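K.L.:
Have a look at this one.
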Amino acid sequence: MVKQIPIKHLACFSLLCSSVVSATERPNIIYIFTDQQTANAMSCAGNPDLHTPNLDRLAAAGVMFKNAYCTAPLSGPSRGAMFTGHYPDAVGLSVNGSIIPDSLQTKTLGTLVKSAGYDCAYGGKWHLPLLDVPDKEYGFDNIYQHSDDGLAEACIEYLSCEHKKPFFLVVSYDNPHNICEYARSQNLPYGNIDIPDMRDCPGLPANFAKNPYDADVIESEKRNNYNVYPTADFTPEDWRMYRYNYYRLVEKVDKEIGKIVDAIDKNSLWKNTVVIFSSDHGDGVGAHHWNQKSALYEEVINIPLIVTLPGKKNGGKVLPQLISNGIDLFASICEWTGAKMPESAAGKSFRKIVEEGNPQNPHQEYVITETRFDGSKTRGWVVRSKRYKYVLYDKGRYREQLFDMQHDRGEMRNLAMENTYGKELQKHRDILEKWMNTYNIRPSRTKLHDVPGKKIKNVQ
């Protein structure tokens with residue numbers, strides 16, 4: 001475990017550095033992200049089952065994206081995309097515990113931004129693969145360990161220093177990830193939540209049931225990995241209690257984020273700071289009887305993304321563009337800081353979209369999310385286009401799914417089972433095949449192509 005370095009030695013580290021570029025020329029960047037927060041788990045997203053006043057403050061001051069997706073719905077792979085700018089499976093980061101490859105060790109987001117003249121500090125959960133980022137590695141000074149307790153205070157001290165150089169501060173919270181311990185009937189790392197009256201618990205989601213043609217591999221994963229999915233025998237009341245605890249954990253981390261937002265206010269940082277809030281992936285929250293991550297349900301892969309610009313430009317706007325919060329986040333921070341983005345990185349910056357604030361401006365025609373189930377070899381992919389969501393798993397019955405995201409965001413009608421949508425189905429198959437070939441995504445088995453109707457070529 002990385003030894004925690006005293007805050008007082010690191011918080012004002014920038015005072016010891018000569019000024020490479022004036023802090024007024026390029027914006028500071030503060031990236032705050034949580035672990036396992038679905039996009040709908042904010043009151044500013046219209047959810048009446050919780051209250052997140054501090055995330056609401058960020059949304060009122062910034063631009064909120066409705067269609068932001070994680071690059072992979074598992075902590076290590078998702079964070080790998082954020083900090084390398086590459087699709088996880090393309091660079092060997094598709095499972096928890098993977099190590100950033102040697103070829104990218106000096107091309108991480110921290111090293112690139114530091115080389116561009118920024119001070120880079122990291123507090124909280126790293127998970128690539130160590131829980132704490134090693135101090136002075138990957139471009140970051142480690143200002144606080146993996147813990148939600150005390151993280152805000154460490155960041156406040158850092159923000160309260162005078163900085164001669166622009167800074168890039170990453171604030172990485174663990175919650176609402178503690179819902180994993182709750183589902184296993186374990187004590188929660190940062191304190192348990194009082195047991196409520198059942199009538200105070202949220203109701204079941206509208207898509208609580210599974211659609212009739214849901215991929216059967218999902219149920220197989222649940223049965224074969226009780227440690228991750230101990231919910232097979234949950235009653236409706238159990239699921240309501242799960243949802244109650246999940247939302248209280250989101251509220252708990254919202255309170256901590258509020259301390260940092262207060263510090264941004266107090267230190268007058270809004271005028272030259274980009275503040276980004278997101279999460280590494282979501283949680284099933286009972287939709288389709290699912291908890292945790294890995295499955296490609298909307299609740300799992302659609303994550304919050306709020307970007308607050310200097311001067312709070314375009315504050316309160318909600319945009320529909322498709323964003324991949326991993327690879328696109330990498331590209332965006334590189335553009336804002338002037339860091340040189342590696343040619344092999346896959347993302348596209350959303351800076352222009354945020355600064356123009358026009359919902360009609362194009363960004364990406366589609367985004368890709370890939371998965372390898374936690375503790376399993378099962379793989380899957382999503383092609384999310386403007387209207388449709390195509391889902392493909394590498395095996396099993398009904399492994400292919402297509403949903404109309406304008407009329408069926410709850411994913412209850414699998415259009416892949418209807419000939420009427422054959423052209424759309426084929427269009428999305430072709431997109432996925434092209435993506436796999438572009439990024440050299442190897443098939444699940446030698447001489448087999450995972451996309452239906454396609455033939456594998458030149459497999460070594």
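Each chain of the structure tokens is named A, B, ... in the order shown, its residues numbered from 1; ligands are numbered from 1 in display order.
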Write out as a PyMOL selection string the residues lying within 10 Å of segment 129-141 of chain A, counting only C-alpha atoms and excluding same-chain residues fewer than 5 positions away.

P.N.:
chain A and resi 1-5+10-11+13+75-77+79-80+83+93+95-100+104-115+118-124+146-147+168-170

K.L.:
I'd like a table as a Markdown table: residues in segment 271-362 of chain A with an atom no more than 8 Å from segment 374-391 of chain A, each row giving the shortest atom pair and its distance in Å to one decimal, only C-alpha atoms counted, sorted by chain and rising residue number.

P.N.:
| residue | atom | partner | partner_atom | distance |
| --- | --- | --- | --- | --- |
| A:Ser294 | CA | A:Asp374 | CA | 6.4 |
| A:Leu296 | CA | A:Val382 | CA | 7.2 |
| A:Leu322 | CA | A:Lys386 | CA | 7.4 |

K.L.:
Give the strand (DSSP E) residues of segment 110-233 of chain A, as DSSP finds them on the backbone, and put them as a PyMOL selection string.

P.N.:
chain A and resi 119-124+141-144+167-172

K.L.:
Which residues come within 9 Å of Trp270 of chain A, counting only C-alpha atoms, excluding same-chain residues fewer than 3 positions away, as an MDAnalysis selection string?

P.N.:
chainID A and resid 264:265 267 273:275 308:312

K.L.:
Calculated over only C-alpha atoms, which of the candidates A:Thr84, A:Tyr213, A:Gln292, A:Trp239 has the smallest distance to Glu181 of chain A?

P.N.:
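Using only C-alpha atoms, the shortest distance to Glu181 of chain A belongs to A:Gln292.
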
K.L.:
Would you mind reading off the distance between atom CA of Gln401 of chain A and atom CA of Ala416 of chain A, one decimal, in Å?

P.N.:
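Result for atom CA of Gln401 of chain A versus atom CA of Ala416 of chain A: 5.2 Å, one decimal.
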
K.L.:
Name the closest residue to Ala263 of chain A among the candidates A:Val91, A:Leu329, A:Leu432, A:Ile30; distances are taken between atoms, counting only C-alpha atoms.

P.N.:
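Ranking A:Val91, A:Leu329, A:Leu432, A:Ile30 by distance to Ala263 of chain A, first place goes to A:Ile30.
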
K.L.:
Applying 10 Å and only C-alpha atoms, which residues near Asp214 of chain A remain after dropping the ones on its own chain fewer than 5 positions away? List them as a compact mmCIF listing (two decimals) with N, CA and C atoms, in the first residue's frame.

P.N.:
# COMPACT_ATOMS: atom_id res chain seq x y z
N GLU A 219 -28.32 -14.21 -16.82
CA GLU A 219 -28.77 -15.04 -15.70
C GLU A 219 -27.71 -16.07 -15.33
N HIS A 288 -34.42 -4.89 -14.33
CA HIS A 288 -34.27 -6.25 -14.84
C HIS A 288 -33.70 -7.20 -13.77
N ARG A 397 -28.25 -17.79 -25.74
CA ARG A 397 -29.49 -17.52 -26.45
C ARG A 397 -29.86 -16.04 -26.32
N TYR A 398 -30.39 -15.49 -27.39
CA TYR A 398 -30.77 -14.07 -27.45
C TYR A 398 -29.57 -13.17 -27.13
N ARG A 399 -28.42 -13.57 -27.61
CA ARG A 399 -27.22 -12.78 -27.31
C ARG A 399 -27.20 -11.46 -28.07
N GLU A 400 -28.10 -11.30 -29.03
CA GLU A 400 -28.16 -10.10 -29.85
C GLU A 400 -29.44 -9.34 -29.52
N GLN A 401 -29.30 -8.03 -29.26
CA GLN A 401 -30.44 -7.21 -28.86
C GLN A 401 -30.39 -5.85 -29.56
N GLU A 411 -35.56 -0.68 -22.14
CA GLU A 411 -35.09 -1.90 -22.81
C GLU A 411 -36.00 -3.11 -22.52
N MET A 412 -37.26 -2.96 -22.87
CA MET A 412 -38.24 -4.02 -22.63
C MET A 412 -38.69 -4.73 -23.90
N ARG A 413 -38.32 -4.21 -25.08
CA ARG A 413 -38.73 -4.82 -26.35
C ARG A 413 -37.50 -5.01 -27.23
N ASN A 414 -37.08 -6.24 -27.37
CA ASN A 414 -35.89 -6.57 -28.16
C ASN A 414 -36.25 -6.62 -29.64

K.L.:
State, in Å with one decimal place, the distance from atom CA of Gly282 of chain A to atom CA of Thr231 of chain A.

P.N.:
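Interatomic distance here is 17.0 Å.
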
K.L.:
If DSSP is run on the backbone, what residues of segment 100-272 of chain A are helix (DSSP H, G or I)? A reply as a PyMOL selection string would be ideal.

P.N.:
chain A and resi 102-104+109-115+151-159+179-183+198-200+216-224+236-266+270-272

K.L.:
Given the choices A:Ala41, A:Ala232, A:Val367, A:Val318, which gets closest to Ile353 of chain A if the distance is worked out from only C-alpha atoms?

P.N.:
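Closest to Ile353 of chain A of all the choices is A:Val318.
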
K.L.:
Just the residues within 7 Å of segment 244-246 of chain A, please, counting only C-alpha atoms, with nothing from its chain fewer than 5 positions along; format it as a VMD selection string.

P.N.:
chain A and resid 176 179 193 201 to 202

K.L.:
Go ahead and write the selection's residues with C-alpha atoms as an mmCIF file, in the first residue's frame.

P.N.:
data_model
loop_
_atom_site.group_PDB
_atom_site.id
_atom_site.type_symbol
_atom_site.label_atom_id
_atom_site.label_comp_id
_atom_site.auth_asym_id
_atom_site.auth_seq_id
_atom_site.Cartn_x
_atom_site.Cartn_y
_atom_site.Cartn_z
ATOM 1 C CA PRO A 176 -21.907 4.609 -3.951
ATOM 2 C CA ILE A 179 -23.821 -0.968 -2.254
ATOM 3 C CA ILE A 193 -27.290 3.195 6.918
ATOM 4 C CA CYS A 201 -38.295 2.876 0.359
ATOM 5 C CA PRO A 202 -38.497 3.730 -3.366
#

K.L.:
Name the residues in contact with Asn175 of chain A at a cut-off of 8 Å, using only C-alpha atoms, excluding same-chain residues fewer than 3 positions from it; report them as a PyMOL selection string.

P.N.:
chain A and resi 34-36+148+178+249-250+252-253

K.L.:
So the first atom is atom CA of Tyr242 of chain A and the second is atom CA of His127 of chain A; what is the distance between them in Å, to one decimal place?

P.N.:
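Value for the atom CA of Tyr242 of chain A-atom CA of His127 of chain A distance: 25.0 Å.
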